[in-house]
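These notes are about the structure you will find just below.
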Amino acid sequence: MPKQIDHEQRRSEISQAVWQVVGENGLEGLTLRAVAAAAGCTTGMVTHYFRDKKALLAHARQVMHRRMAARIDAMPMRGTAREGLYAVAEQALPLDEERRLEAVVWSYFQLATRIDPELLHEHTASHASWIRRLTVMVRAALPGRPEPADLEGRVRVLVACLDGLALNAVTDPGAYPPELQRRVLAIQLDLILEGNLTP
C-alpha cells in the first residue's frame with residue numbers, strides 16, 4: 001500500500017526550513033536547494049509546494065504575520081488600554097530569538113518589495129491588517145475622541161518607530177539591546193498618546 005503523505009505536515013516542515021535558511025544565511029542564501037537541504041528532502045519536493053524563491057519568501061512573510069498575530073491573540077488583555085497597546089506593540093520588536101528571526105525575515109522582505117509588485121501586494125495586505133489592529137488600540141488608549149486624521153498620524157508614528165527599532169536592532173543588535181528598545185517604545189507611546197502632533 002502506498003505511503004500516505006501528510007501534505008500540511010510537509011508544507012510546515014518546508015516552511016520551518018525557509019525560516020532556518022533565512023535566519024542563518026539571509027535572503028541571498030534562500031534557494032530551493034538550501035531549503036531542501038534544511039528540510040531533509042529533495043528540491044523537487046520543495047518545488048511541489050513552492051514554485052520559486054519568490055514564493056518561498058512570500059510564504060515566510062505570511063508565516064511571520066500569522067505567528068505574530070497568534071501571539072497577540074493569545075495574550076491576556078489585562079490592565080489599561082495603554083498597557084495593552086504597549087504589550088501588543090512590543091510584539092513587533094526583536095526582543096528574543098523568535099522575534100529576532102521574524103524581524104530578519106521582515107527586513108529582507110521589505111527590500112524585496114521594492115522591485116517586485118507581487119511581493120509588494122503581499123506586504124500591503126499584511127501591513128494594512130497591522131495598521132487596523134493598532135488603530136483600534138491607539139483610539140482606545142487616547143483620551144477623548146481624536147479626529148480621524150490625527151488618529152491616523154499617531155498610528156503611523158508608532159509604526160515608523162517600531163519599524164525603525166526593528167531594523168536597527170537586527171542590523172546592529174549591540175547598539176539596540178532589548179532594554180533600550182523597550183525604553184524607546186515607552187517614550188514614543190508617551191509622545192503619541194499625550195503629545196500634540198498637530199503642526
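Lettering and numbering for the C-alpha cells are positional, with chains as A, B, ... in the shown order, residues counted from 1 in each chain, and ligands counted from 1 in the shown order.
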
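Using only C-alpha atoms, the residues found no farther than 10 Å from Tyr176 (chain A), other than those of its own chain fewer than 5 positions away, are Pro94, Leu95, Leu165, Ala166, Leu167, Asn168, Ala169, Val170, Thr171, Gln181, Arg182 and Val184 of chain A.
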
Just to be explicit: take each residue in the selection above, keep C-alpha atoms, and write the result as an mmCIF file, in the first residue's frame.
data_model
loop_
_atom_site.group_PDB
_atom_site.id
_atom_site.type_symbol
_atom_site.label_atom_id
_atom_site.label_comp_id
_atom_site.auth_asym_id
_atom_site.auth_seq_id
_atom_site.Cartn_x
_atom_site.Cartn_y
_atom_site.Cartn_z
ATOM 1 C CA PRO A 94 13.186 41.670 18.144
ATOM 2 C CA LEU A 95 13.349 41.182 21.909
ATOM 3 C CA LEU A 165 13.663 49.965 16.004
ATOM 4 C CA ALA A 166 13.288 46.504 14.487
ATOM 5 C CA LEU A 167 15.521 47.315 11.525
ATOM 6 C CA ASN A 168 18.234 48.882 13.672
ATOM 7 C CA ALA A 169 18.093 46.067 16.217
ATOM 8 C CA VAL A 170 18.675 43.344 13.613
ATOM 9 C CA THR A 171 21.343 45.430 11.851
ATOM 10 C CA GLN A 181 14.089 49.015 22.593
ATOM 11 C CA ARG A 182 11.572 48.823 25.428
ATOM 12 C CA VAL A 184 12.329 53.878 23.316
#

| request: Can you check which residues of region 2-174 of chain A DSSP gives as alpha helix (DSSP H) on the backbone and send them as a PyMOL selection string? | output: chain A and resi 7-25+32-39+43-49+53-74+81-90+97-113+117-141+148-171

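Among A:Arg183, A:His65, A:Arg82, A:Arg156, the residue with the shortest atom-to-atom distance to Glu122 (chain A), counting only C-alpha atoms, is A:His65.
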
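Among the candidates A:Asp150, A:Met45, A:Val104, A:Leu56, the residue lying nearest to Asn25 (chain A) is A:Val104 (atoms considered: only C-alpha atoms).
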
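Proximity of A:Val138, A:Leu111, A:Arg145, A:Arg100 to Thr80 (chain A), computed with only C-alpha atoms, is greatest for A:Val138.
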
| Counting only C-alpha atoms, what is within 12 Å of Arg78 (chain A), bar same-chain residues fewer than 5 positions away, as an MDAnalysis selection string? | chainID A and resid 83:88

Pull all heavy atoms from the residues just selected and write them as a CSV table (one decimal), in the first residue's frame.
chain,number,residue,atom,x,y,z
A,83,GLU,N,-1.6,50.0,28.5
A,83,GLU,CA,-0.7,48.9,28.8
A,83,GLU,C,-0.9,47.8,27.8
A,83,GLU,O,0.0,47.1,27.3
A,83,GLU,CB,-1.0,48.4,30.2
A,83,GLU,CG,-0.6,49.3,31.3
A,83,GLU,CD,-1.1,48.9,32.7
A,83,GLU,OE1,-2.1,48.2,32.8
A,83,GLU,OE2,-0.6,49.4,33.7
A,84,GLY,N,-2.2,47.6,27.3
A,84,GLY,CA,-2.4,46.7,26.3
A,84,GLY,C,-1.8,47.0,25.0
A,84,GLY,O,-1.2,46.2,24.3
A,85,LEU,N,-1.8,48.3,24.6
A,85,LEU,CA,-1.2,48.8,23.4
A,85,LEU,C,0.3,48.6,23.5
A,85,LEU,O,0.9,48.1,22.5
A,85,LEU,CB,-1.5,50.3,23.2
A,85,LEU,CG,-0.7,51.0,22.1
A,85,LEU,CD1,-1.1,50.4,20.7
A,85,LEU,CD2,-1.1,52.5,22.1
A,86,TYR,N,0.9,48.9,24.6
A,86,TYR,CA,2.4,48.7,24.8
A,86,TYR,C,2.7,47.2,24.6
A,86,TYR,O,3.7,46.8,23.9
A,86,TYR,CB,2.9,49.1,26.2
A,86,TYR,CG,4.3,48.9,26.4
A,86,TYR,CD1,5.3,49.9,26.1
A,86,TYR,CD2,4.8,47.7,26.9
A,86,TYR,CE1,6.6,49.7,26.2
A,86,TYR,CE2,6.2,47.5,27.1
A,86,TYR,CZ,7.1,48.4,26.7
A,86,TYR,OH,8.4,48.2,26.9
A,87,ALA,N,1.9,46.3,25.2
A,87,ALA,CA,2.2,44.9,25.1
A,87,ALA,C,2.1,44.4,23.7
A,87,ALA,O,2.9,43.5,23.2
A,87,ALA,CB,1.2,44.1,26.0
A,88,VAL,N,1.1,44.9,22.9
A,88,VAL,CA,1.0,44.5,21.5
A,88,VAL,C,2.1,45.0,20.7
A,88,VAL,O,2.7,44.3,19.8
A,88,VAL,CB,-0.4,44.9,21.0
A,88,VAL,CG1,-0.5,44.7,19.5
A,88,VAL,CG2,-1.5,44.0,21.7

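The coordinates place CA of Arg132 (chain A) at 27.9 Å from CA of Gln16 (chain A).
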
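Between Gln188 (chain A) and the candidates A:Leu158, A:His59, A:Thr43, A:Arg71, the tightest atom-to-atom separation, counting only C-alpha atoms, involves A:Leu158.
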
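Remark: for Ala141 (chain A), the closest of the candidate residues A:Gly153, A:Gly26, A:Gly174, A:Gly79 is A:Gly79 (distances computed over only C-alpha atoms).
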
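Separating CA of Val159 (chain A) from CA of Ile115 (chain A) is a distance of 22.5 Å.
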
| Near-Thr42 (chain A) list (12 Å; only C-alpha atoms; drop same-chain fewer than 6 positions) as a list of chain:residue names | A:Arg10, A:Ile14, A:Leu32, A:Arg33, A:Ala34, A:Val35, A:Ala36, A:His48, A:Tyr49

For the selection you just gave me, I'd like the residues written to a file as an mmCIF file, in the first residue's frame, keeping C-alpha atoms.
data_model
loop_
_atom_site.group_PDB
_atom_site.id
_atom_site.type_symbol
_atom_site.label_atom_id
_atom_site.label_comp_id
_atom_site.auth_asym_id
_atom_site.auth_seq_id
_atom_site.Cartn_x
_atom_site.Cartn_y
_atom_site.Cartn_z
ATOM 1 C CA ARG A 10 5.357 18.509 4.806
ATOM 2 C CA ILE A 14 9.481 23.204 4.478
ATOM 3 C CA LEU A 32 15.344 25.912 -3.332
ATOM 4 C CA ARG A 33 18.423 23.728 -2.812
ATOM 5 C CA ALA A 34 19.240 25.272 0.589
ATOM 6 C CA VAL A 35 15.646 24.883 1.775
ATOM 7 C CA ALA A 36 15.569 21.269 0.593
ATOM 8 C CA HIS A 48 5.919 20.792 -5.373
ATOM 9 C CA TYR A 49 4.814 23.323 -2.743
#

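Between CA of Ser129 (chain A) and CA of Glu28 (chain A) the interatomic distance comes to 28.0 Å.
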
| remark: Closest of A:Ala112, A:Ala89, A:Leu119, A:Cys41 to Leu134 (chain A), counting only C-alpha atoms, is A:Ala89

| Residues near Arg99 (chain A), cut-off 10 Å, only C-alpha atoms, skip fewer than 6 positions along chain, as a PyMOL selection string | chain A and resi 64+67-68+90-93+105+166

Okay, now the selection with all heavy atoms, as a compact mmCIF listing (two decimals), in the first residue's frame?
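Now in again23.txt:
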# COMPACT_ATOMS: atom_id res chain seq x y z
N MET A 64 5.32 34.76 9.17
CA MET A 64 5.71 35.75 10.15
C MET A 64 4.50 36.53 10.65
O MET A 64 4.31 36.73 11.86
CB MET A 64 6.72 36.72 9.53
CG MET A 64 7.36 37.67 10.52
SD MET A 64 7.62 39.32 9.82
CE MET A 64 6.02 40.04 10.15
N ARG A 67 2.31 34.24 12.83
CA ARG A 67 2.93 33.95 14.14
C ARG A 67 2.75 35.12 15.09
O ARG A 67 2.39 34.94 16.26
CB ARG A 67 4.42 33.65 13.95
CG ARG A 67 4.71 32.25 13.44
CD ARG A 67 6.12 32.08 12.95
NE ARG A 67 7.14 32.43 13.92
CZ ARG A 67 8.25 31.73 14.12
NH1 ARG A 67 8.47 30.62 13.43
NH2 ARG A 67 9.15 32.12 14.98
N MET A 68 2.98 36.33 14.61
CA MET A 68 2.84 37.49 15.46
C MET A 68 1.38 37.69 15.85
O MET A 68 1.07 37.99 17.02
CB MET A 68 3.38 38.74 14.77
CG MET A 68 3.51 39.92 15.72
SD MET A 68 4.48 41.28 15.05
CE MET A 68 3.23 42.12 14.10
N GLU A 90 5.02 45.81 21.48
CA GLU A 90 6.27 45.14 21.82
C GLU A 90 6.47 43.86 21.02
O GLU A 90 7.61 43.42 20.79
CB GLU A 90 6.26 44.82 23.31
CG GLU A 90 7.62 44.56 23.91
CD GLU A 90 7.53 44.23 25.38
OE1 GLU A 90 6.91 43.21 25.72
OE2 GLU A 90 8.09 44.99 26.19
N GLN A 91 5.39 43.25 20.55
CA GLN A 91 5.50 42.01 19.78
C GLN A 91 6.19 42.22 18.44
O GLN A 91 6.67 41.26 17.83
CB GLN A 91 4.11 41.38 19.56
CG GLN A 91 3.44 40.92 20.83
CD GLN A 91 4.30 39.94 21.60
OE1 GLN A 91 4.78 38.95 21.06
NE2 GLN A 91 4.52 40.22 22.89
N ALA A 92 6.25 43.46 17.98
CA ALA A 92 6.90 43.76 16.70
C ALA A 92 8.40 43.99 16.84
O ALA A 92 9.09 44.19 15.83
CB ALA A 92 6.25 44.99 16.05
N LEU A 93 8.91 43.96 18.07
CA LEU A 93 10.33 44.23 18.29
C LEU A 93 11.11 42.93 18.50
O LEU A 93 10.61 42.00 19.11
CB LEU A 93 10.49 45.13 19.52
CG LEU A 93 9.82 46.50 19.43
CD1 LEU A 93 10.01 47.27 20.73
CD2 LEU A 93 10.36 47.30 18.25
N VAL A 105 13.42 38.20 8.69
CA VAL A 105 12.60 37.87 7.52
C VAL A 105 11.88 39.12 7.02
O VAL A 105 11.85 39.40 5.83
CB VAL A 105 11.59 36.76 7.87
CG1 VAL A 105 10.56 36.58 6.76
CG2 VAL A 105 12.31 35.44 8.13
N ALA A 166 13.06 47.89 14.92
CA ALA A 166 13.29 46.50 14.49
C ALA A 166 14.45 46.43 13.51
O ALA A 166 15.33 45.57 13.62
CB ALA A 166 12.02 45.93 13.86
